[in-house]
$ cat input.cif   # mmCIF, C-alpha atoms
data_data
loop_
_atom_site.group_PDB
_atom_site.id
_atom_site.type_symbol
_atom_site.label_atom_id
_atom_site.label_comp_id
_atom_site.auth_asym_id
_atom_site.auth_seq_id
_atom_site.Cartn_x
_atom_site.Cartn_y
_atom_site.Cartn_z
ATOM 1 C CA MET I 1 -62.320 0.871 92.506
ATOM 2 C CA THR I 2 -59.674 3.610 92.453
ATOM 3 C CA ALA I 3 -59.230 6.175 89.702
ATOM 4 C CA GLY I 4 -56.111 4.248 88.627
ATOM 5 C CA ASP I 5 -58.102 1.015 88.385
ATOM 6 C CA ALA I 6 -60.743 2.795 86.323
ATOM 7 C CA ALA I 7 -58.067 4.166 83.973
ATOM 8 C CA GLU I 8 -56.528 0.701 83.613
ATOM 9 C CA ASP I 9 -59.998 -0.674 82.843
ATOM 10 C CA ARG I 10 -60.422 2.039 80.195
ATOM 11 C CA ALA I 11 -57.054 1.067 78.708
ATOM 12 C CA ALA I 12 -58.030 -2.588 78.728
ATOM 13 C CA THR I 13 -61.317 -1.894 76.952
ATOM 14 C CA ASP I 14 -60.024 0.841 74.626
ATOM 15 C CA GLY I 15 -61.051 0.471 70.988
ATOM 16 C CA ALA I 16 -57.767 -1.332 70.286
ATOM 17 C CA ASP I 17 -58.408 -3.775 73.193
ATOM 18 C CA LEU I 18 -55.199 -3.170 75.138
ATOM 19 C CA ARG I 19 -55.438 -6.159 77.438
ATOM 20 C CA ASP I 20 -52.555 -7.761 75.536
ATOM 21 C CA VAL I 21 -50.210 -4.792 76.101
ATOM 22 C CA VAL I 22 -50.794 -3.867 79.738
ATOM 23 C CA GLN I 23 -48.492 -6.738 80.728
ATOM 24 C CA PRO I 24 -44.712 -6.201 80.388
ATOM 25 C CA GLY I 25 -43.139 -7.160 77.079
ATOM 26 C CA ALA I 26 -39.739 -8.777 76.500
ATOM 27 C CA ALA I 27 -37.917 -5.575 75.495
ATOM 28 C CA GLU I 28 -37.054 -3.823 78.759
ATOM 29 C CA VAL I 29 -35.160 -0.557 79.077
ATOM 30 C CA THR I 30 -34.513 1.582 82.159
ATOM 31 C CA ALA I 31 -32.799 4.911 82.750
ATOM 32 C CA ALA I 32 -32.303 6.897 85.951
ATOM 33 C CA VAL I 33 -31.065 10.327 86.972
ATOM 34 C CA ILE I 34 -30.836 12.316 90.193
ATOM 35 C CA VAL I 35 -32.232 15.832 89.937
ATOM 36 C CA GLU I 36 -31.340 18.607 92.367
ATOM 37 C CA ALA I 37 -34.971 19.613 92.968
ATOM 38 C CA ALA I 38 -37.937 18.559 95.103
ATOM 39 C CA ALA I 39 -40.050 15.626 93.910
ATOM 40 C CA ASP I 40 -43.222 17.669 93.399
ATOM 41 C CA ARG I 41 -41.399 20.064 91.048
ATOM 42 C CA VAL I 42 -39.696 17.203 89.182
ATOM 43 C CA PHE I 43 -42.958 15.290 88.820
ATOM 44 C CA SER I 44 -44.762 18.382 87.552
ATOM 45 C CA ALA I 45 -42.082 18.801 84.879
ATOM 46 C CA LEU I 46 -42.338 15.122 83.853
ATOM 47 C CA VAL I 47 -46.080 15.274 83.283
ATOM 48 C CA SER I 48 -45.926 18.541 81.376
ATOM 49 C CA TRP I 49 -46.338 16.350 78.316
ATOM 50 C CA GLU I 50 -45.860 18.976 75.602
ATOM 51 C CA ARG I 51 -42.660 20.178 77.302
ATOM 52 C CA GLN I 52 -41.143 16.717 76.804
ATOM 53 C CA SER I 53 -40.520 17.995 73.275
ATOM 54 C CA ASP I 54 -37.879 20.276 74.840
ATOM 55 C CA TRP I 55 -35.786 17.446 76.272
ATOM 56 C CA ILE I 56 -36.461 14.364 74.125
ATOM 57 C CA PRO I 57 -34.465 14.822 70.894
ATOM 58 C CA PHE I 58 -36.264 14.905 67.540
ATOM 59 C CA THR I 59 -39.618 14.390 69.288
ATOM 60 C CA ARG I 60 -42.852 16.380 69.432
ATOM 61 C CA VAL I 61 -45.263 15.441 72.225
ATOM 62 C CA ARG I 62 -48.897 16.474 72.534
ATOM 63 C CA VAL I 63 -52.017 15.569 74.456
ATOM 64 C CA VAL I 64 -54.494 14.140 71.946
ATOM 65 C CA GLU I 65 -57.334 13.322 74.365
ATOM 66 C CA GLY I 66 -58.021 14.461 77.918
ATOM 67 C CA ASP I 67 -56.181 16.856 80.190
ATOM 68 C CA GLY I 68 -52.904 14.948 80.525
ATOM 69 C CA GLY I 69 -54.112 13.040 83.582
ATOM 70 C CA GLU I 70 -55.503 9.526 83.952
ATOM 71 C CA GLY I 71 -57.294 8.339 80.838
ATOM 72 C CA SER I 72 -55.548 10.854 78.557
ATOM 73 C CA LEU I 73 -54.022 9.850 75.246
ATOM 74 C CA ILE I 74 -50.547 11.248 74.577
ATOM 75 C CA GLU I 75 -48.833 11.192 71.196
ATOM 76 C CA ALA I 76 -45.061 11.440 70.708
ATOM 77 C CA VAL I 77 -43.772 11.677 67.151
ATOM 78 C CA THR I 78 -40.043 11.207 66.639
ATOM 79 C CA ALA I 79 -38.661 12.187 63.241
ATOM 80 C CA VAL I 80 -35.088 11.859 62.032
ATOM 81 C CA GLY I 81 -34.869 12.763 58.379
ATOM 82 C CA PRO I 82 -37.546 10.822 56.519
ATOM 83 C CA ALA I 83 -37.896 8.209 59.293
ATOM 84 C CA THR I 84 -40.854 8.845 61.592
ATOM 85 C CA LEU I 85 -41.988 6.891 64.658
ATOM 86 C CA ARG I 86 -45.398 7.595 66.185
ATOM 87 C CA ASP I 87 -45.849 6.531 69.814
ATOM 88 C CA GLU I 88 -49.313 6.646 71.385
ATOM 89 C CA MET I 89 -49.609 6.294 75.156
ATOM 90 C CA ARG I 90 -52.659 6.035 77.371
ATOM 91 C CA VAL I 91 -52.089 7.458 80.877
ATOM 92 C CA VAL I 92 -53.422 4.727 83.162
ATOM 93 C CA ARG I 93 -52.332 5.914 86.595
ATOM 94 C CA VAL I 94 -51.110 9.129 88.192
ATOM 95 C CA ASP I 95 -49.850 9.086 91.773
ATOM 96 C CA ALA I 96 -48.471 12.615 92.113
ATOM 97 C CA PRO I 97 -45.715 13.419 92.923
ATOM 98 C CA TYR I 98 -44.354 9.889 92.790
ATOM 99 C CA GLU I 99 -45.416 7.952 89.713
ATOM 100 C CA VAL I 100 -47.161 8.055 86.359
ATOM 101 C CA ARG I 101 -47.952 4.868 84.430
ATOM 102 C CA VAL I 102 -48.703 4.661 80.739
ATOM 103 C CA VAL I 103 -49.522 1.952 78.235
ATOM 104 C CA HIS I 104 -47.989 2.374 74.793
ATOM 105 C CA CYS I 105 -50.841 1.478 72.461
ATOM 106 C CA GLY I 106 -49.650 2.384 68.973
ATOM 107 C CA LYS I 107 -49.121 0.101 66.017
ATOM 108 C CA LEU I 108 -45.389 -0.412 66.629
ATOM 109 C CA LEU I 109 -44.645 0.584 70.239
ATOM 110 C CA ARG I 110 -46.798 -1.398 72.654
ATOM 111 C CA GLY I 111 -46.448 -2.169 76.347
ATOM 112 C CA PRO I 112 -46.410 -0.544 79.780
ATOM 113 C CA GLY I 113 -44.108 2.189 80.998
ATOM 114 C CA VAL I 114 -43.589 4.018 84.277
ATOM 115 C CA LEU I 115 -41.912 7.237 85.373
ATOM 116 C CA ARG I 116 -41.079 7.285 89.093
ATOM 117 C CA CYS I 117 -39.897 10.123 91.311
ATOM 118 C CA THR I 118 -38.312 9.146 94.627
ATOM 119 C CA PRO I 119 -37.651 12.010 97.052
ATOM 120 C CA LEU I 120 -34.123 12.050 98.473
ATOM 121 C CA ALA I 121 -32.529 14.087 101.253
ATOM 122 C CA GLY I 122 -31.583 17.667 100.473
ATOM 123 C CA GLU I 123 -34.375 18.507 97.998
ATOM 124 C CA ARG I 124 -33.150 15.935 95.480
ATOM 125 C CA THR I 125 -35.187 13.444 93.479
ATOM 126 C CA GLN I 126 -34.279 10.203 91.754
ATOM 127 C CA VAL I 127 -36.164 9.778 88.472
ATOM 128 C CA VAL I 128 -36.477 6.292 86.993
ATOM 129 C CA TRP I 129 -37.968 5.759 83.536
ATOM 130 C CA HIS I 130 -38.799 2.109 82.850
ATOM 131 C CA GLU I 131 -40.379 0.654 79.695
ATOM 132 C CA TRP I 132 -41.378 -2.912 78.793
ATOM 133 C CA PHE I 133 -42.111 -3.077 75.072
ATOM 134 C CA HIS I 134 -43.677 -5.963 73.208
ATOM 135 C CA LEU I 135 -41.334 -6.718 70.334
ATOM 136 C CA PRO I 136 -42.827 -6.400 66.859
ATOM 137 C CA GLY I 137 -41.786 -8.673 64.017
ATOM 138 C CA GLY I 138 -41.831 -12.040 65.782
ATOM 139 C CA MET I 139 -38.463 -13.793 65.746
ATOM 140 C CA ALA I 140 -36.816 -10.944 63.811
ATOM 141 C CA GLY I 141 -37.786 -8.520 66.593
ATOM 142 C CA ARG I 142 -36.358 -10.824 69.258
ATOM 143 C CA VAL I 143 -33.110 -11.168 67.317
ATOM 144 C CA ALA I 144 -32.859 -7.400 66.670
ATOM 145 C CA TRP I 145 -33.590 -6.291 70.264
ATOM 146 C CA PRO I 146 -30.118 -7.055 71.706
ATOM 147 C CA LEU I 147 -28.665 -4.903 68.926
ATOM 148 C CA LEU I 148 -31.155 -2.065 69.477
ATOM 149 C CA TRP I 149 -31.105 -2.108 73.300
ATOM 150 C CA PRO I 150 -27.814 -0.215 73.845
ATOM 151 C CA GLY I 151 -28.998 2.669 71.656
ATOM 152 C CA SER I 152 -32.383 2.737 73.383
ATOM 153 C CA LYS I 153 -30.739 2.777 76.824
ATOM 154 C CA PHE I 154 -28.285 5.498 75.778
ATOM 155 C CA GLY I 155 -31.000 7.696 74.232
ATOM 156 C CA LEU I 156 -33.293 7.343 77.246
ATOM 157 C CA THR I 157 -30.459 8.112 79.667
ATOM 158 C CA GLN I 158 -29.339 11.179 77.697
ATOM 159 C CA ALA I 159 -32.914 12.503 77.526
ATOM 160 C CA LEU I 160 -33.321 12.108 81.300
ATOM 161 C CA LYS I 161 -30.003 13.871 81.937
ATOM 162 C CA ARG I 162 -31.141 16.776 79.763
ATOM 163 C CA PHE I 163 -34.463 16.803 81.619
ATOM 164 C CA GLY I 164 -32.643 16.979 84.974
ATOM 165 C CA ARG I 165 -30.448 19.882 83.840
ATOM 166 C CA MET I 166 -33.470 21.796 82.552
ATOM 167 C CA VAL I 167 -35.356 21.338 85.842
ATOM 168 C CA GLU I 168 -32.294 22.398 87.870
ATOM 169 C CA GLN I 169 -31.871 25.498 85.663
ATOM 170 C CA GLY I 170 -35.541 26.435 86.126
ATOM 171 C CA ARG I 171 -36.287 25.939 82.424
ATOM 172 C CA LEU I 172 -39.001 23.373 83.152
ATOM 173 C CA PRO I 173 -41.878 23.817 85.617
#
$ encode --input "input.cif" --output "structure tokens"
Amino acid sequence: MTAGDAAEDRAATDGADLRDVVQPGAAEVTAAVIVEAAADRVFSALVSWERQSDWIPFTRVRVVEGDGGEGSLIEAVTAVGPATLRDEMRVVRVDAPYEVRVVHCGKLLRGPGVLRCTPLAGERTQVVWHEWFHLPGGMAGRVAWPLLWPGSKFGLTQALKRFGRMVEQGRLP
């Protein structure tokens, strides 16, 4: 059993019993960016969890449990005016400097996600952020998703572009 398998087992037997959310949900969103920096530097910046607050708008990120590696619990709270969204993620696999996998395990946001770094020629790195959320609200959630998807895709893409600029400017590790 690898460390990643052990982390996935922990996620599956977590107090909330995450077996239902480790599989991809119906709401899928992907964003990608190319960063002018080496993959190890880009990956290090991605998994500097608290620093995600610097490039994801209206969001504060913190490590709630663990050291940020496999098995850790990460919390991201997004607040716009009075509206607040709390996202809890369990880190289930880290394959530095290429990939980190999480399982969103909160009350509203649930499902797997992955951040991948692919080294390219010339000290460049492609970053792909992919999420598969389980839709809340039954039929209403399925009907609402096509309306919400463009905004989710746009927001994710803009955050990744900001991330890339900050890495290239040396403002992130």
$ resolve_selection --input "input.cif" --expression "the PyMOL selection byres ((chain I and resi 107) around 10)" --output "list in words"
Ala16, Leu85, Arg86, Asp87, Glu88, His104, Cys105, Gly106, Leu108, Leu109, Arg110 and Pro136 of chain I
$ closest_residue --input "input.cif" --among "I:Arg142, I:Arg124, I:Arg171, I:Arg165" --to "I:Ala39" --atoms "only C-alpha atoms"
I:Arg124
$ atom_distance --input "input.cif" --atom1 "atom CA of I:Gly164" --atom2 "atom CA of I:Glu36"
7.7 Å
$ residues_around --input "input.cif" --residues "I:Ala79" --least-positions-apart "4" --cutoff "7 Å" --atoms "all atoms listed in the file" --output "PyMOL selection string"
chain I and resi 58-59+83-85
$ residues_around --input "input.cif" --residues "I:Ala32" --least-positions-apart "4" --cutoff "7 Å" --atoms "all atoms listed in the file" --output "number ranges by chain"
I: 126-129, 157
$ resolve_selection --input "input.cif" --expression "the PyMOL selection byres ((chain I and resi 94) around 10)" --output "PyMOL selection string"
chain I and resi 3-4+7+47+68-71+91-93+95-102+114-115
$ closest_residue --input "input.cif" --among "I:Val167, I:Arg90, I:Phe43, I:Ala140" --to "I:Val64" --atoms "only C-alpha atoms"
I:Arg90
$ closest_residue --input "input.cif" --among "I:Val33, I:Leu156, I:Val21, I:Val42" --to "I:Gln169" --atoms "all atoms listed in the file"
I:Val42
$ atom_distance --input "input.cif" --atom1 "atom CA of I:Val63" --atom2 "atom CA of I:Arg41"
20.2 Å
$ build_atoms --input "input.cif" --residues "stretch 91-104 of chain I" --atoms "N, CA, C and O atoms" --output "mmCIF file, keeping the file's coordinate frame"
data_model
loop_
_atom_site.group_PDB
_atom_site.id
_atom_site.type_symbol
_atom_site.label_atom_id
_atom_site.label_comp_id
_atom_site.auth_asym_id
_atom_site.auth_seq_id
_atom_site.Cartn_x
_atom_site.Cartn_y
_atom_site.Cartn_z
ATOM 1 N N VAL I 91 -52.464 7.270 79.476
ATOM 2 C CA VAL I 91 -52.089 7.458 80.877
ATOM 3 C C VAL I 91 -53.063 6.630 81.706
ATOM 4 O O VAL I 91 -54.264 6.880 81.691
ATOM 5 N N VAL I 92 -52.544 5.629 82.422
ATOM 6 C CA VAL I 92 -53.422 4.727 83.162
ATOM 7 C C VAL I 92 -53.388 4.952 84.663
ATOM 8 O O VAL I 92 -54.285 4.484 85.372
ATOM 9 N N ARG I 93 -52.377 5.654 85.154
ATOM 10 C CA ARG I 93 -52.332 5.914 86.595
ATOM 11 C C ARG I 93 -51.425 7.109 86.860
ATOM 12 O O ARG I 93 -50.337 7.195 86.327
ATOM 13 N N VAL I 94 -51.911 8.000 87.725
ATOM 14 C CA VAL I 94 -51.110 9.129 88.192
ATOM 15 C C VAL I 94 -51.157 9.119 89.708
ATOM 16 O O VAL I 94 -52.234 9.178 90.302
ATOM 17 N N ASP I 95 -49.996 9.019 90.327
ATOM 18 C CA ASP I 95 -49.850 9.086 91.773
ATOM 19 C C ASP I 95 -48.852 10.202 92.076
ATOM 20 O O ASP I 95 -47.681 9.953 92.349
ATOM 21 N N ALA I 96 -49.346 11.446 91.938
ATOM 22 C CA ALA I 96 -48.471 12.615 92.113
ATOM 23 C C ALA I 96 -48.038 12.737 93.572
ATOM 24 O O ALA I 96 -48.828 12.471 94.470
ATOM 25 N N PRO I 97 -46.825 13.101 93.836
ATOM 26 C CA PRO I 97 -45.715 13.419 92.923
ATOM 27 C C PRO I 97 -44.744 12.256 92.751
ATOM 28 O O PRO I 97 -43.551 12.483 92.562
ATOM 29 N N TYR I 98 -45.253 11.035 92.775
ATOM 30 C CA TYR I 98 -44.354 9.889 92.790
ATOM 31 C C TYR I 98 -44.287 9.080 91.503
ATOM 32 O O TYR I 98 -43.230 8.574 91.158
ATOM 33 N N GLU I 99 -45.417 8.915 90.816
ATOM 34 C CA GLU I 99 -45.416 7.952 89.713
ATOM 35 C C GLU I 99 -46.496 8.274 88.695
ATOM 36 O O GLU I 99 -47.589 8.701 89.042
ATOM 37 N N VAL I 100 -46.173 8.030 87.432
ATOM 38 C CA VAL I 100 -47.161 8.055 86.359
ATOM 39 C C VAL I 100 -46.923 6.799 85.519
ATOM 40 O O VAL I 100 -45.786 6.447 85.207
ATOM 41 N N ARG I 101 -48.026 6.094 85.233
ATOM 42 C CA ARG I 101 -47.952 4.868 84.430
ATOM 43 C C ARG I 101 -48.685 5.092 83.113
ATOM 44 O O ARG I 101 -49.745 5.721 83.089
ATOM 45 N N VAL I 102 -48.097 4.566 82.062
ATOM 46 C CA VAL I 102 -48.703 4.661 80.739
ATOM 47 C C VAL I 102 -48.729 3.270 80.108
ATOM 48 O O VAL I 102 -48.015 2.369 80.543
ATOM 49 N N VAL I 103 -49.544 3.136 79.079
ATOM 50 C CA VAL I 103 -49.522 1.952 78.235
ATOM 51 C C VAL I 103 -49.333 2.457 76.810
ATOM 52 O O VAL I 103 -50.153 3.229 76.305
ATOM 53 N N HIS I 104 -48.235 2.037 76.195
ATOM 54 C CA HIS I 104 -47.989 2.374 74.793
ATOM 55 C C HIS I 104 -48.948 1.530 73.969
ATOM 56 O O HIS I 104 -48.965 0.301 74.097
#
